[in-house]
Each structure stands twice: as structure tokens, then as C-alpha cells.
>>> print(open('target.cif').read())   # mmCIF, C-alpha atoms and all ligand atoms
data_data
#
loop_
_atom_site.group_PDB
_atom_site.id
_atom_site.type_symbol
_atom_site.label_atom_id
_atom_site.label_comp_id
_atom_site.auth_asym_id
_atom_site.auth_seq_id
_atom_site.Cartn_x
_atom_site.Cartn_y
_atom_site.Cartn_z
ATOM 1 C CA MET A 1 34.574 155.898 148.201
ATOM 2 C CA ALA A 2 34.150 157.816 145.001
ATOM 3 C CA GLU A 3 34.355 161.572 144.871
ATOM 4 C CA ILE A 4 31.624 162.712 142.515
ATOM 5 C CA LEU A 5 30.574 166.116 141.216
ATOM 6 C CA GLY A 6 27.201 166.241 139.432
ATOM 7 C CA LEU A 7 26.162 168.685 136.717
ATOM 8 C CA GLY A 8 22.808 168.901 134.927
ATOM 9 C CA VAL A 9 22.788 170.821 131.636
ATOM 10 C CA SER A 10 20.793 171.178 128.434
ATOM 11 C CA HIS A 11 22.089 170.476 124.950
ATOM 12 C CA GLY A 12 19.530 171.813 122.440
ATOM 13 C CA PRO A 13 21.121 173.153 119.243
ATOM 14 C CA ILE A 14 19.918 176.663 120.077
ATOM 15 C CA ILE A 15 22.395 176.961 122.953
ATOM 16 C CA LEU A 16 25.130 177.385 120.330
ATOM 17 C CA THR A 17 23.326 180.026 118.310
ATOM 18 C CA PRO A 18 22.490 183.733 118.785
ATOM 19 C CA PRO A 19 18.959 184.521 119.983
ATOM 20 C CA GLU A 20 18.269 186.512 116.816
ATOM 21 C CA ILE A 21 17.835 183.255 114.875
ATOM 22 C CA TRP A 22 16.027 181.161 117.479
ATOM 23 C CA HIS A 23 12.688 181.898 115.828
ATOM 24 C CA GLU A 24 13.796 179.846 112.786
ATOM 25 C CA GLY A 25 14.011 176.613 114.785
ATOM 26 C CA ARG A 26 10.768 177.423 116.520
ATOM 27 C CA GLU A 27 8.971 177.910 113.224
ATOM 28 C CA ARG A 28 10.366 174.619 111.894
ATOM 29 C CA ILE A 29 8.841 172.841 114.883
ATOM 30 C CA TYR A 30 5.486 174.658 114.579
ATOM 31 C CA ASN A 31 5.310 173.605 110.946
ATOM 32 C CA ARG A 32 5.504 169.951 111.972
ATOM 33 C CA VAL A 33 2.185 170.202 113.810
ATOM 34 C CA PRO A 34 -0.803 170.260 111.460
ATOM 35 C CA ASN A 35 -3.032 173.328 111.989
ATOM 36 C CA TYR A 36 -0.814 174.505 114.828
ATOM 37 C CA GLU A 37 -2.606 176.820 117.239
ATOM 38 C CA LYS A 38 -0.235 178.591 119.582
ATOM 39 C CA PRO A 39 -1.077 178.241 123.284
ATOM 40 C CA ALA A 40 -1.822 181.429 125.261
ATOM 41 C CA GLN A 41 1.446 181.526 127.198
ATOM 42 C CA LEU A 42 3.434 181.157 123.997
ATOM 43 C CA LEU A 43 1.518 184.008 122.356
ATOM 44 C CA GLU A 44 2.279 186.181 125.348
ATOM 45 C CA GLU A 45 6.004 185.361 125.198
ATOM 46 C CA LEU A 46 6.141 185.995 121.460
ATOM 47 C CA GLY A 47 4.806 189.501 122.167
ATOM 48 C CA GLN A 48 5.191 192.084 119.456
ATOM 49 C CA ASP A 49 8.681 191.095 118.273
ATOM 50 C CA ASN A 50 8.191 187.405 117.419
ATOM 51 C CA GLY A 51 9.760 186.387 120.719
ATOM 52 C CA LEU A 52 13.075 188.231 120.313
ATOM 53 C CA SER A 53 12.953 189.969 123.723
ATOM 54 C CA GLN A 54 12.128 186.689 125.467
ATOM 55 C CA ASP A 55 14.831 184.863 123.497
ATOM 56 C CA LYS A 56 17.482 187.432 124.419
ATOM 57 C CA ALA A 57 16.579 187.119 128.113
ATOM 58 C CA ASP A 58 16.638 183.302 127.962
ATOM 59 C CA HIS A 59 19.910 183.278 126.028
ATOM 60 C CA LYS A 60 21.593 185.490 128.612
ATOM 61 C CA ARG A 61 20.586 183.149 131.448
ATOM 62 C CA ILE A 62 21.659 180.014 129.551
ATOM 63 C CA VAL A 63 25.126 181.416 128.810
ATOM 64 C CA GLU A 64 25.513 182.676 132.397
ATOM 65 C CA SER A 65 24.578 179.244 133.799
ATOM 66 C CA PHE A 66 27.074 177.468 131.559
ATOM 67 C CA LYS A 67 29.761 179.903 132.737
ATOM 68 C CA ILE A 68 28.975 179.047 136.376
ATOM 69 C CA MET A 69 29.092 175.325 135.632
ATOM 70 C CA HIS A 70 32.305 175.655 133.620
ATOM 71 C CA ASP A 71 34.000 177.482 136.480
ATOM 72 C CA ARG A 72 32.811 174.993 139.110
ATOM 73 C CA LEU A 73 33.895 172.038 136.969
ATOM 74 C CA HIS A 74 37.359 173.476 136.378
ATOM 75 C CA ALA A 75 37.789 174.465 140.027
ATOM 76 C CA TRP A 76 36.862 170.889 141.069
ATOM 77 C CA ASN A 77 39.352 169.556 138.482
ATOM 78 C CA PRO A 78 38.004 166.031 137.789
ATOM 79 C CA ASP A 79 40.068 163.092 136.552
ATOM 80 C CA VAL A 80 37.173 162.008 134.308
ATOM 81 C CA VAL A 81 34.057 163.738 132.965
ATOM 82 C CA MET A 82 31.331 161.188 132.290
ATOM 83 C CA ILE A 83 28.661 162.734 130.076
ATOM 84 C CA ILE A 84 25.292 161.030 129.703
ATOM 85 C CA GLY A 85 23.323 162.037 126.616
ATOM 86 C CA ASP A 86 20.732 160.721 124.207
ATOM 87 C CA ASP A 87 21.632 159.703 120.701
ATOM 88 C CA GLN A 88 19.016 160.949 118.241
ATOM 89 C CA ALA A 89 19.783 158.745 115.241
ATOM 90 C CA GLU A 90 23.301 160.186 115.026
ATOM 91 C CA ASN A 91 25.945 157.685 116.176
ATOM 92 C CA PHE A 92 23.447 154.791 116.291
ATOM 93 C CA LEU A 93 21.527 153.763 113.199
ATOM 94 C CA GLN A 94 19.535 150.692 112.099
ATOM 95 C CA ASP A 95 22.570 148.402 112.162
ATOM 96 C CA ASN A 96 22.940 148.737 115.924
ATOM 97 C CA LEU A 97 20.384 150.152 118.369
ATOM 98 C CA PRO A 98 21.409 149.570 121.982
ATOM 99 C CA PRO A 99 19.358 151.067 124.844
ATOM 100 C CA PHE A 100 22.675 152.126 126.449
ATOM 101 C CA CYS A 101 26.208 152.195 125.067
ATOM 102 C CA LEU A 102 29.404 153.148 126.850
ATOM 103 C CA TYR A 103 32.204 154.616 124.756
ATOM 104 C CA THR A 104 35.452 152.733 125.337
ATOM 105 C CA GLY A 105 37.724 154.378 122.754
ATOM 106 C CA SER A 106 40.763 156.494 123.521
ATOM 107 C CA GLU A 107 39.671 159.678 121.729
ATOM 108 C CA VAL A 108 36.551 161.293 120.256
ATOM 109 C CA ASP A 109 35.863 164.180 117.892
ATOM 110 C CA GLY A 110 32.911 166.442 117.493
ATOM 111 C CA TYR A 111 31.848 169.069 114.968
ATOM 112 C CA PRO A 112 29.118 170.947 116.828
ATOM 113 C CA PHE A 113 28.681 173.646 114.187
ATOM 114 C CA GLN A 114 28.323 171.283 111.251
ATOM 115 C CA ARG A 115 24.907 169.878 111.996
ATOM 116 C CA SER A 116 23.280 173.075 110.910
ATOM 117 C CA ALA A 117 24.984 175.586 108.729
ATOM 118 C CA ARG A 118 23.437 178.275 110.908
ATOM 119 C CA THR A 119 25.370 181.089 112.525
ATOM 120 C CA ASN A 120 26.945 180.168 115.835
ATOM 121 C CA LEU A 121 27.846 182.392 118.764
ATOM 122 C CA TRP A 122 31.556 182.220 118.003
ATOM 123 C CA ASP A 123 31.325 182.713 114.214
ATOM 124 C CA ALA A 124 33.274 179.459 113.929
ATOM 125 C CA ALA A 125 33.484 177.589 110.624
ATOM 126 C CA PRO A 126 31.102 174.606 110.176
ATOM 127 C CA ASP A 127 34.027 172.166 110.069
ATOM 128 C CA THR A 128 35.515 173.376 113.370
ATOM 129 C CA LYS A 129 36.591 170.226 115.171
ATOM 130 C CA PHE A 130 36.758 169.580 118.904
ATOM 131 C CA THR A 131 38.890 166.659 120.084
ATOM 132 C CA PHE A 132 38.788 164.987 123.485
ATOM 133 C CA SER A 133 40.920 162.294 125.019
ATOM 134 C CA CYS A 134 38.956 159.457 126.643
ATOM 135 C CA PRO A 135 39.792 157.301 129.678
ATOM 136 C CA LYS A 136 39.920 154.013 127.747
ATOM 137 C CA GLU A 137 41.053 151.733 130.585
ATOM 138 C CA PHE A 138 38.692 153.365 133.085
ATOM 139 C CA SER A 139 35.681 152.998 130.772
ATOM 140 C CA LYS A 140 36.528 149.360 129.989
ATOM 141 C CA ASP A 141 36.808 148.692 133.715
ATOM 142 C CA MET A 142 33.409 150.352 134.222
ATOM 143 C CA ARG A 143 31.831 148.229 131.483
ATOM 144 C CA ASN A 144 33.354 145.017 132.829
ATOM 145 C CA HIS A 145 32.278 145.818 136.370
ATOM 146 C CA LEU A 146 28.716 146.567 135.230
ATOM 147 C CA ILE A 147 28.454 143.272 133.312
ATOM 148 C CA ARG A 148 29.904 141.192 136.141
ATOM 149 C CA ASP A 149 27.551 143.004 138.520
ATOM 150 C CA GLY A 150 24.509 141.972 136.423
ATOM 151 C CA PHE A 151 24.014 144.918 134.050
ATOM 152 C CA ASP A 152 24.563 143.903 130.391
ATOM 153 C CA MET A 153 26.219 147.079 129.142
ATOM 154 C CA ALA A 154 27.022 147.511 125.439
ATOM 155 C CA SER A 155 30.200 149.311 124.450
ATOM 156 C CA SER A 156 31.831 150.813 121.383
ATOM 157 C CA SER A 157 35.395 151.933 120.794
ATOM 158 C CA ALA A 158 34.722 153.170 117.249
ATOM 159 C CA LEU A 159 31.767 155.468 116.753
ATOM 160 C CA LYS A 160 30.119 155.518 113.376
ATOM 161 C CA GLY A 161 26.836 156.528 111.845
ATOM 162 C CA TRP A 162 26.995 160.286 112.227
ATOM 163 C CA ASP A 163 29.632 161.714 109.894
ATOM 164 C CA TRP A 164 30.412 164.577 112.190
ATOM 165 C CA GLY A 165 31.567 162.865 115.332
ATOM 166 C CA LEU A 166 29.783 162.929 118.646
ATOM 167 C CA ALA A 167 26.009 163.162 118.902
ATOM 168 C CA HIS A 168 24.847 166.687 119.717
ATOM 169 C CA ALA A 169 23.741 165.751 123.253
ATOM 170 C CA ILE A 170 27.377 164.998 124.076
ATOM 171 C CA ILE A 171 29.274 167.611 122.067
ATOM 172 C CA ASN A 172 27.070 170.702 122.510
ATOM 173 C CA PRO A 173 27.497 171.130 126.291
ATOM 174 C CA LEU A 174 31.224 170.418 125.976
ATOM 175 C CA VAL A 175 31.597 173.529 123.813
ATOM 176 C CA PHE A 176 30.801 175.475 127.000
ATOM 177 C CA LEU A 177 32.120 173.159 129.693
ATOM 178 C CA ASP A 178 35.466 172.089 128.264
ATOM 179 C CA PRO A 179 36.141 173.650 124.839
ATOM 180 C CA GLU A 180 39.877 173.041 125.125
ATOM 181 C CA GLY A 181 39.510 169.333 125.894
ATOM 182 C CA LYS A 182 41.292 169.610 129.222
ATOM 183 C CA PHE A 183 39.523 166.644 130.842
ATOM 184 C CA PRO A 184 39.191 163.003 129.681
ATOM 185 C CA ILE A 185 35.615 162.551 128.443
ATOM 186 C CA LEU A 186 33.576 159.365 128.905
ATOM 187 C CA PRO A 187 30.337 159.405 126.846
ATOM 188 C CA LEU A 188 27.374 157.200 127.743
ATOM 189 C CA PHE A 189 24.726 157.059 125.016
ATOM 190 C CA VAL A 190 21.061 156.461 125.859
ATOM 191 C CA ASN A 191 18.174 155.717 123.497
ATOM 192 C CA CYS A 192 15.848 158.245 125.135
ATOM 193 C CA TYR A 193 13.642 158.719 122.071
ATOM 194 C CA GLY A 194 12.828 155.018 121.773
ATOM 195 C CA GLU A 195 10.582 154.230 118.812
ATOM 196 C CA GLU A 196 10.320 157.963 118.085
ATOM 197 C CA ALA A 197 14.019 158.087 117.102
ATOM 198 C CA GLY A 198 13.379 156.435 113.730
ATOM 199 C CA PRO A 199 12.317 153.256 111.919
ATOM 200 C CA ASP A 200 13.056 149.978 113.758
ATOM 201 C CA TYR A 201 14.164 151.651 117.001
ATOM 202 C CA PRO A 202 13.284 149.696 120.166
ATOM 203 C CA PRO A 203 11.407 151.257 123.107
ATOM 204 C CA ARG A 204 13.380 153.562 125.358
ATOM 205 C CA PRO A 205 14.680 152.035 128.587
ATOM 206 C CA THR A 206 12.414 152.568 131.589
ATOM 207 C CA PRO A 207 13.074 155.162 134.318
ATOM 208 C CA ALA A 208 13.541 152.317 136.817
ATOM 209 C CA ARG A 209 16.182 150.656 134.640
ATOM 210 C CA CYS A 210 18.002 153.951 134.093
ATOM 211 C CA TYR A 211 18.156 154.516 137.835
ATOM 212 C CA GLN A 212 19.475 150.969 138.343
ATOM 213 C CA LEU A 213 22.185 151.663 135.790
ATOM 214 C CA GLY A 214 23.200 154.772 137.721
ATOM 215 C CA GLN A 215 23.377 152.724 140.919
ATOM 216 C CA GLY A 216 25.534 150.132 139.127
ATOM 217 C CA ILE A 217 27.892 152.873 137.914
ATOM 218 C CA ARG A 218 28.090 154.160 141.496
ATOM 219 C CA ARG A 219 29.065 150.710 142.779
ATOM 220 C CA PHE A 220 31.914 150.744 140.264
ATOM 221 C CA LEU A 221 32.992 154.283 141.188
ATOM 222 C CA ASP A 222 33.075 153.291 144.849
ATOM 223 C CA THR A 223 35.833 150.810 143.992
ATOM 224 C CA ARG A 224 37.981 153.576 142.438
ATOM 225 C CA SER A 225 40.030 156.560 143.492
ATOM 226 C CA GLU A 226 39.399 158.826 140.468
ATOM 227 C CA ARG A 227 37.446 162.050 140.951
ATOM 228 C CA VAL A 228 34.564 161.826 138.506
ATOM 229 C CA ALA A 229 32.232 164.572 137.268
ATOM 230 C CA VAL A 230 28.925 163.126 136.040
ATOM 231 C CA VAL A 231 27.084 165.345 133.554
ATOM 232 C CA ALA A 232 23.400 164.738 132.757
ATOM 233 C CA SER A 233 22.846 166.306 129.343
ATOM 234 C CA SER A 234 19.277 167.142 128.343
ATOM 235 C CA SER A 235 16.301 169.409 128.677
ATOM 236 C CA TRP A 236 13.209 167.872 130.249
ATOM 237 C CA SER A 237 9.712 168.201 128.735
ATOM 238 C CA HIS A 238 9.846 169.035 125.030
ATOM 239 C CA SER A 239 6.813 170.692 123.450
ATOM 240 C CA PHE A 240 7.058 168.565 120.315
ATOM 241 C CA LEU A 241 7.160 165.336 122.357
ATOM 242 C CA ALA A 242 4.454 166.096 124.942
ATOM 243 C CA HIS A 243 1.718 163.810 123.673
ATOM 244 C CA LYS A 244 -0.771 164.860 126.334
ATOM 245 C CA PHE A 245 -0.734 168.353 124.786
ATOM 246 C CA GLN A 246 -0.811 167.075 121.183
ATOM 247 C CA CYS A 247 2.935 167.801 120.963
ATOM 248 C CA ARG A 248 2.324 171.552 121.162
ATOM 249 C CA GLU A 249 3.494 172.768 124.578
ATOM 250 C CA ILE A 250 5.874 171.846 127.359
ATOM 251 C CA ASP A 251 4.492 170.181 130.489
ATOM 252 C CA THR A 252 5.635 172.738 133.049
ATOM 253 C CA GLU A 253 3.393 171.379 135.821
ATOM 254 C CA THR A 254 4.975 167.928 135.683
ATOM 255 C CA ASP A 255 8.505 169.291 135.352
ATOM 256 C CA ARG A 256 8.053 171.643 138.324
ATOM 257 C CA LYS A 257 7.114 168.589 140.404
ATOM 258 C CA TYR A 258 10.238 166.747 139.199
ATOM 259 C CA LEU A 259 12.323 169.872 139.870
ATOM 260 C CA GLU A 260 11.219 169.880 143.514
ATOM 261 C CA TRP A 261 12.264 166.244 143.851
ATOM 262 C CA VAL A 262 15.681 167.039 142.365
ATOM 263 C CA ARG A 263 16.109 170.221 144.398
ATOM 264 C CA THR A 264 15.244 168.520 147.703
ATOM 265 C CA GLY A 265 17.285 165.346 147.265
ATOM 266 C CA GLN A 266 14.404 163.042 146.329
ATOM 267 C CA GLY A 267 15.648 162.213 142.826
ATOM 268 C CA SER A 268 15.052 158.503 143.367
ATOM 269 C CA LYS A 269 11.325 159.247 142.985
ATOM 270 C CA LEU A 270 11.977 159.736 139.278
ATOM 271 C CA ALA A 271 12.822 156.023 139.066
ATOM 272 C CA GLU A 272 9.157 155.334 139.820
ATOM 273 C CA VAL A 273 7.728 157.451 136.988
ATOM 274 C CA GLU A 274 5.703 155.223 134.652
ATOM 275 C CA PRO A 275 7.129 154.987 131.113
ATOM 276 C CA GLU A 276 3.720 156.010 129.726
ATOM 277 C CA ASP A 277 3.668 159.165 131.886
ATOM 278 C CA LEU A 278 7.167 160.063 130.687
ATOM 279 C CA GLN A 279 5.976 159.690 127.099
ATOM 280 C CA GLN A 280 2.869 161.801 127.725
ATOM 281 C CA SER A 281 4.746 164.709 129.309
ATOM 282 C CA GLY A 282 7.478 164.739 126.637
ATOM 283 C CA ASP A 283 10.119 164.063 129.283
ATOM 284 C CA HIS A 284 11.892 161.431 127.166
ATOM 285 C CA GLU A 285 15.329 162.978 127.661
ATOM 286 C CA ILE A 286 15.118 163.204 131.453
ATOM 287 C CA LEU A 287 16.263 159.556 131.404
ATOM 288 C CA ASN A 288 19.804 160.958 131.153
ATOM 289 C CA TRP A 289 19.249 162.796 134.442
ATOM 290 C CA ILE A 290 17.723 159.695 136.058
ATOM 291 C CA ILE A 291 20.934 157.737 135.366
ATOM 292 C CA ALA A 292 22.980 160.572 136.894
ATOM 293 C CA LEU A 293 20.639 160.640 139.906
ATOM 294 C CA GLY A 294 21.216 156.914 140.374
ATOM 295 C CA VAL A 295 24.949 157.631 140.501
ATOM 296 C CA LEU A 296 24.592 160.603 142.858
ATOM 297 C CA GLY A 297 21.990 159.152 145.239
ATOM 298 C CA ASP A 298 19.414 161.266 147.050
ATOM 299 C CA ARG A 299 21.391 164.432 147.643
ATOM 300 C CA PRO A 300 19.922 167.910 147.118
ATOM 301 C CA ALA A 301 20.810 169.788 143.940
ATOM 302 C CA GLU A 302 21.750 173.428 143.702
ATOM 303 C CA ILE A 303 19.476 174.740 140.980
ATOM 304 C CA ILE A 304 21.469 177.256 138.950
ATOM 305 C CA ASP A 305 18.709 178.142 136.498
ATOM 306 C CA VAL A 306 15.325 177.088 135.164
ATOM 307 C CA ARG A 307 14.120 178.148 131.713
ATOM 308 C CA ASP A 308 10.447 177.320 131.402
ATOM 309 C CA SER A 309 9.243 179.617 128.618
ATOM 310 C CA ASN A 310 7.257 177.955 125.853
ATOM 311 C CA THR A 311 9.334 179.841 123.280
ATOM 312 C CA GLN A 312 12.248 177.597 124.383
ATOM 313 C CA LEU A 313 10.320 174.491 123.191
ATOM 314 C CA ALA A 314 11.805 172.609 126.158
ATOM 315 C CA PHE A 315 12.029 172.928 129.954
ATOM 316 C CA ARG A 316 15.696 173.602 130.721
ATOM 317 C CA VAL A 317 17.286 173.061 134.102
ATOM 318 C CA ALA A 318 20.882 173.806 135.082
ATOM 319 C CA ALA A 319 21.942 172.116 138.334
ATOM 320 C CA ILE A 320 25.022 171.237 140.372
ATOM 321 C CA TRP A 321 25.528 168.585 143.030
ATOM 322 C CA ASP A 322 28.784 169.113 144.904
HETATM 323 FE FE FE B 401 18.007 166.324 122.689
#
>>> encode(input="target.cif", output="C-alpha cells")
Amino acid sequence: MAEILGLGVSHGPIILTPPEIWHEGRERIYNRVPNYEKPAQLLEELGQDNGLSQDKADHKRIVESFKIMHDRLHAWNPDVVMIIGDDQAENFLQDNLPPFCLYTGSEVDGYPFQRSARTNLWDAAPDTKFTFSCPKEFSKDMRNHLIRDGFDMASSSALKGWDWGLAHAIINPLVFLDPEGKFPILPLFVNCYGEEAGPDYPPRPTPARCYQLGQGIRRFLDTRSERVAVVASSSWSHSFLAHKFQCREIDTETDRKYLEWVRTGQGSKLAEVEPEDLQQSGDHEILNWIIALGVLGDRPAEIIDVRDSNTQLAFRVAAIWD
């Protein structure tokens, strides 16, 4: 039987930056929406200081939650950290657009501060590089097991596309969780954005298929003795993806329902969410969590934090299953 620790984290670029500049990203997003009218809750959060007080409070909670998850991960001391994140036209471009892709190389790099030349919390140079070893034989065994078990998993041992290493969904949380590269890292890429990722992209995989993939990974892990931490990397509803609200606000009502399922060990219900409903609520990236939930099975999560302010542009959940 596998020993599995689960972590659920967010990866938005703002987690690496000081709250004093969060308004810049927010304004970039507002400018994408023609004739943007701010919803009432957002206006309230923006207050009299363009959201700075709210941003400072949210930033404090995000950093505190990552510290808790870092400490729990290191205390548990996994043999492998599998991190499930969406590629947003970074490592995967028009020449190759798999719904899922398992990384089977022996090492990966990431440059988390390069993507934007903005200030980061550590005042690190844009070309600061993070390097991780990867469990090459273990990931090949996982891929082979999945294929022989009926799940046609793609793999890559040489990432390309994005000039600056790992996609931000993979590298950004690692800056908090394992900045020194102590643990072997196994990335699984997911095309959560589907056709919205860019020209020629195929539809995103369905919630049901993502859950099945998680169950297939679990069957593999149950044949092994390694202690594996599975990290679901993403926020949930994004304001700029929530089509039911004209891509203007996060769908907190839907995400609070999903949160109750996750909190009470009913994560398998997410496998039954209709793809159209996922699209409407802007929950594209929760597919990463659904794969992790398929691995973990229906066990209750410890919810470390929930950030549901509209100023965040996304519903952020930090969770641990141990
Ligand atoms: Fe993302």
C-alpha cells in the first residue's frame, strides 16, 4: 500500500510578489474586460486605498499557509513529490498539445522570477534558477503502468517551449515548498485551459477523466513502497474565466460547495461536475485538484486557508491530507 501525503496549493504569480504591487496585475485583468464595471464586493474590498489593506491581509495568510505546508511536507519527508499543474502555453505549444503529460527526465529547472520583471518577495534577480532532481525510473514506471492499465499517458523527458524552464504552476509553489530542491520532483502537466490556452488547443480533459487518471496513479502507487507527496497546484474559480459572470468575478458560491465536498471527504463528487459547468464557473484549474483527489480517495482534507476576496481574482484554497 502506498503512503501518500496530499497538499493543495495555489500558484498565481502574485504569490511571489509583495502586496504593494498586486494592484498592477489586477488592473491588467480589468483592462481585458471591455467597459469593466466592478462588482459591489470588489468595490468594498478596494476601499479607500485601492485594495492595499485587503492585499496585505491576504498576502500574510498566503505566506503563513505555505509555511505550514512546507513544514508538514519536510516533517513527512517524502521520497517523491508529484506536483500536478496546468501548463498555460508555456512548456506546451502548437507542436505538441497533450491533455496530460508526465515528465520523465532526470532533472528540471525553473526561473520563477523571470516571467515578469516585477519585484519579488526575496529581491532575487530575474535569472535566479531553481534546479530539482527528478525520479526518472519511478516516473517511467508510473507512465508504463498507466498505459498497460488502459490510460494512454503522454510523457516527455526534455521540456521545451518556455525558455525559462518549468511552467509557473509547477515552479511557483516549489519556491515556498522546497526552494533548496531537497526532494525529487515529478511534474504532471494538465491542459486545464483547453481551447482558451491559445490557437489550436484541444478541449480540456473532463473532470471524470481527470479523476480516473488519479485513480490510475493510485493503482500504480499501491504497487510501490515509496512515500509520495501529491501536490495539487491551482486556485479554483478565476474571475477572468468565470463565463457566467461575464469573466468579471469569482464564483464563490460554487467554490464553497466544492470546498465542503473536499473538507468532508466527498472529493469524488467533483468527478461528476459537467465540463460546461466548470467552464461557466471559471474553475478550469480545479482539474489539477480532481486528479489529486482521485489519487487520495474520499478522505477529509484539513483546510489550512481559504482566500475568497474578489481582489485576489481567484478563489484560493490551501489544504492538507495526511
Ligand atoms: Fe494558473
>>> residues_near_ligand(input="target.cif", ligand="ligand FE 401 (chain B)", cutoff="8 Å", atoms="all atoms listed in the file", output="ChimeraX atom specification")
/A:11-12,85-88,168-169,234-235,285
>>> closest_residue(input="target.cif", among="A:Pro112, A:Gly198, A:Gly265, A:Gly25", to="Leu174 in chain A", atoms="all atoms listed in the file")
A:Pro112
>>> closest_residue(input="target.cif", among="A:Met1, A:Leu166, A:Leu270, A:Ile286", to="Phe113 in chain A", atoms="all atoms listed in the file")
A:Leu166
>>> closest_residue(input="target.cif", among="A:Leu121, A:Ile84, A:Ala158, A:Leu221", to="Leu188 in chain A", atoms="only C-alpha atoms")
A:Ile84
>>> resolve_selection(input="target.cif", expression="the PyMOL selection byres (((chain A and resi 35-40) around 12) and not hetatm)", output="PDB file with C-alpha atoms, in the frame of the given file")
ATOM      1  CA  ARG A  26      10.768 177.423 116.520  1.00  0.00           C
ATOM      2  CA  GLU A  27       8.971 177.910 113.224  1.00  0.00           C
ATOM      3  CA  ARG A  28      10.366 174.619 111.894  1.00  0.00           C
ATOM      4  CA  ILE A  29       8.841 172.841 114.883  1.00  0.00           C
ATOM      5  CA  TYR A  30       5.486 174.658 114.579  1.00  0.00           C
ATOM      6  CA  ASN A  31       5.310 173.605 110.946  1.00  0.00           C
ATOM      7  CA  ARG A  32       5.504 169.951 111.972  1.00  0.00           C
ATOM      8  CA  VAL A  33       2.185 170.202 113.810  1.00  0.00           C
ATOM      9  CA  PRO A  34      -0.803 170.260 111.460  1.00  0.00           C
ATOM     10  CA  GLN A  41       1.446 181.526 127.198  1.00  0.00           C
ATOM     11  CA  LEU A  42       3.434 181.157 123.997  1.00  0.00           C
ATOM     12  CA  LEU A  43       1.518 184.008 122.356  1.00  0.00           C
ATOM     13  CA  GLU A  44       2.279 186.181 125.348  1.00  0.00           C
ATOM     14  CA  GLU A  45       6.004 185.361 125.198  1.00  0.00           C
ATOM     15  CA  LEU A  46       6.141 185.995 121.460  1.00  0.00           C
ATOM     16  CA  GLY A  47       4.806 189.501 122.167  1.00  0.00           C
ATOM     17  CA  SER A 239       6.813 170.692 123.450  1.00  0.00           C
ATOM     18  CA  PHE A 240       7.058 168.565 120.315  1.00  0.00           C
ATOM     19  CA  PHE A 245      -0.734 168.353 124.786  1.00  0.00           C
ATOM     20  CA  GLN A 246      -0.811 167.075 121.183  1.00  0.00           C
ATOM     21  CA  CYS A 247       2.935 167.801 120.963  1.00  0.00           C
ATOM     22  CA  ARG A 248       2.324 171.552 121.162  1.00  0.00           C
ATOM     23  CA  GLU A 249       3.494 172.768 124.578  1.00  0.00           C
ATOM     24  CA  ILE A 250       5.874 171.846 127.359  1.00  0.00           C
ATOM     25  CA  SER A 309       9.243 179.617 128.618  1.00  0.00           C
ATOM     26  CA  ASN A 310       7.257 177.955 125.853  1.00  0.00           C
ATOM     27  CA  THR A 311       9.334 179.841 123.280  1.00  0.00           C
ATOM     28  CA  LEU A 313      10.320 174.491 123.191  1.00  0.00           C
TER      29      LEU A 313
END
>>> build_atoms(input="target.cif", residues="range 64-75 of chain A", atoms="N, CA, C and O atoms", output="short mmCIF file (atom, residue, chain, number, x, y, z; two decimals), keeping the file's coordinate frame")
data_model
loop_
_atom_site.label_atom_id
_atom_site.label_comp_id
_atom_site.auth_asym_id
_atom_site.auth_seq_id
_atom_site.Cartn_x
_atom_site.Cartn_y
_atom_site.Cartn_z
N GLU A 64 25.02 182.43 131.03
CA GLU A 64 25.51 182.68 132.40
C GLU A 64 25.59 181.37 133.20
O GLU A 64 26.54 181.13 133.94
N SER A 65 24.57 180.52 133.04
CA SER A 65 24.58 179.24 133.80
C SER A 65 25.72 178.35 133.34
O SER A 65 26.34 177.68 134.16
N PHE A 66 25.95 178.29 132.04
CA PHE A 66 27.07 177.47 131.56
C PHE A 66 28.40 178.00 132.09
O PHE A 66 29.31 177.23 132.40
N LYS A 67 28.51 179.32 132.21
CA LYS A 67 29.76 179.90 132.74
C LYS A 67 29.96 179.46 134.19
O LYS A 67 31.07 179.07 134.59
N ILE A 68 28.88 179.48 134.97
CA ILE A 68 28.98 179.05 136.38
C ILE A 68 29.41 177.58 136.42
O ILE A 68 30.31 177.19 137.17
N MET A 69 28.78 176.76 135.59
CA MET A 69 29.09 175.32 135.63
C MET A 69 30.51 175.05 135.12
O MET A 69 31.22 174.20 135.66
N HIS A 70 30.93 175.78 134.10
CA HIS A 70 32.30 175.66 133.62
C HIS A 70 33.28 175.95 134.75
O HIS A 70 34.23 175.19 135.01
N ASP A 71 33.05 177.06 135.44
CA ASP A 71 34.00 177.48 136.48
C ASP A 71 34.03 176.48 137.64
O ASP A 71 35.10 176.17 138.17
N ARG A 72 32.85 175.96 138.00
CA ARG A 72 32.81 174.99 139.11
C ARG A 72 33.49 173.68 138.70
O ARG A 72 34.20 173.05 139.49
N LEU A 73 33.27 173.28 137.46
CA LEU A 73 33.90 172.04 136.97
C LEU A 73 35.42 172.17 136.98
O LEU A 73 36.14 171.27 137.44
N HIS A 74 35.91 173.30 136.48
CA HIS A 74 37.36 173.48 136.38
C HIS A 74 38.00 173.66 137.75
O HIS A 74 39.11 173.20 137.99
N ALA A 75 37.26 174.31 138.66
CA ALA A 75 37.79 174.46 140.03
C ALA A 75 37.86 173.10 140.72
O ALA A 75 38.78 172.83 141.49
#
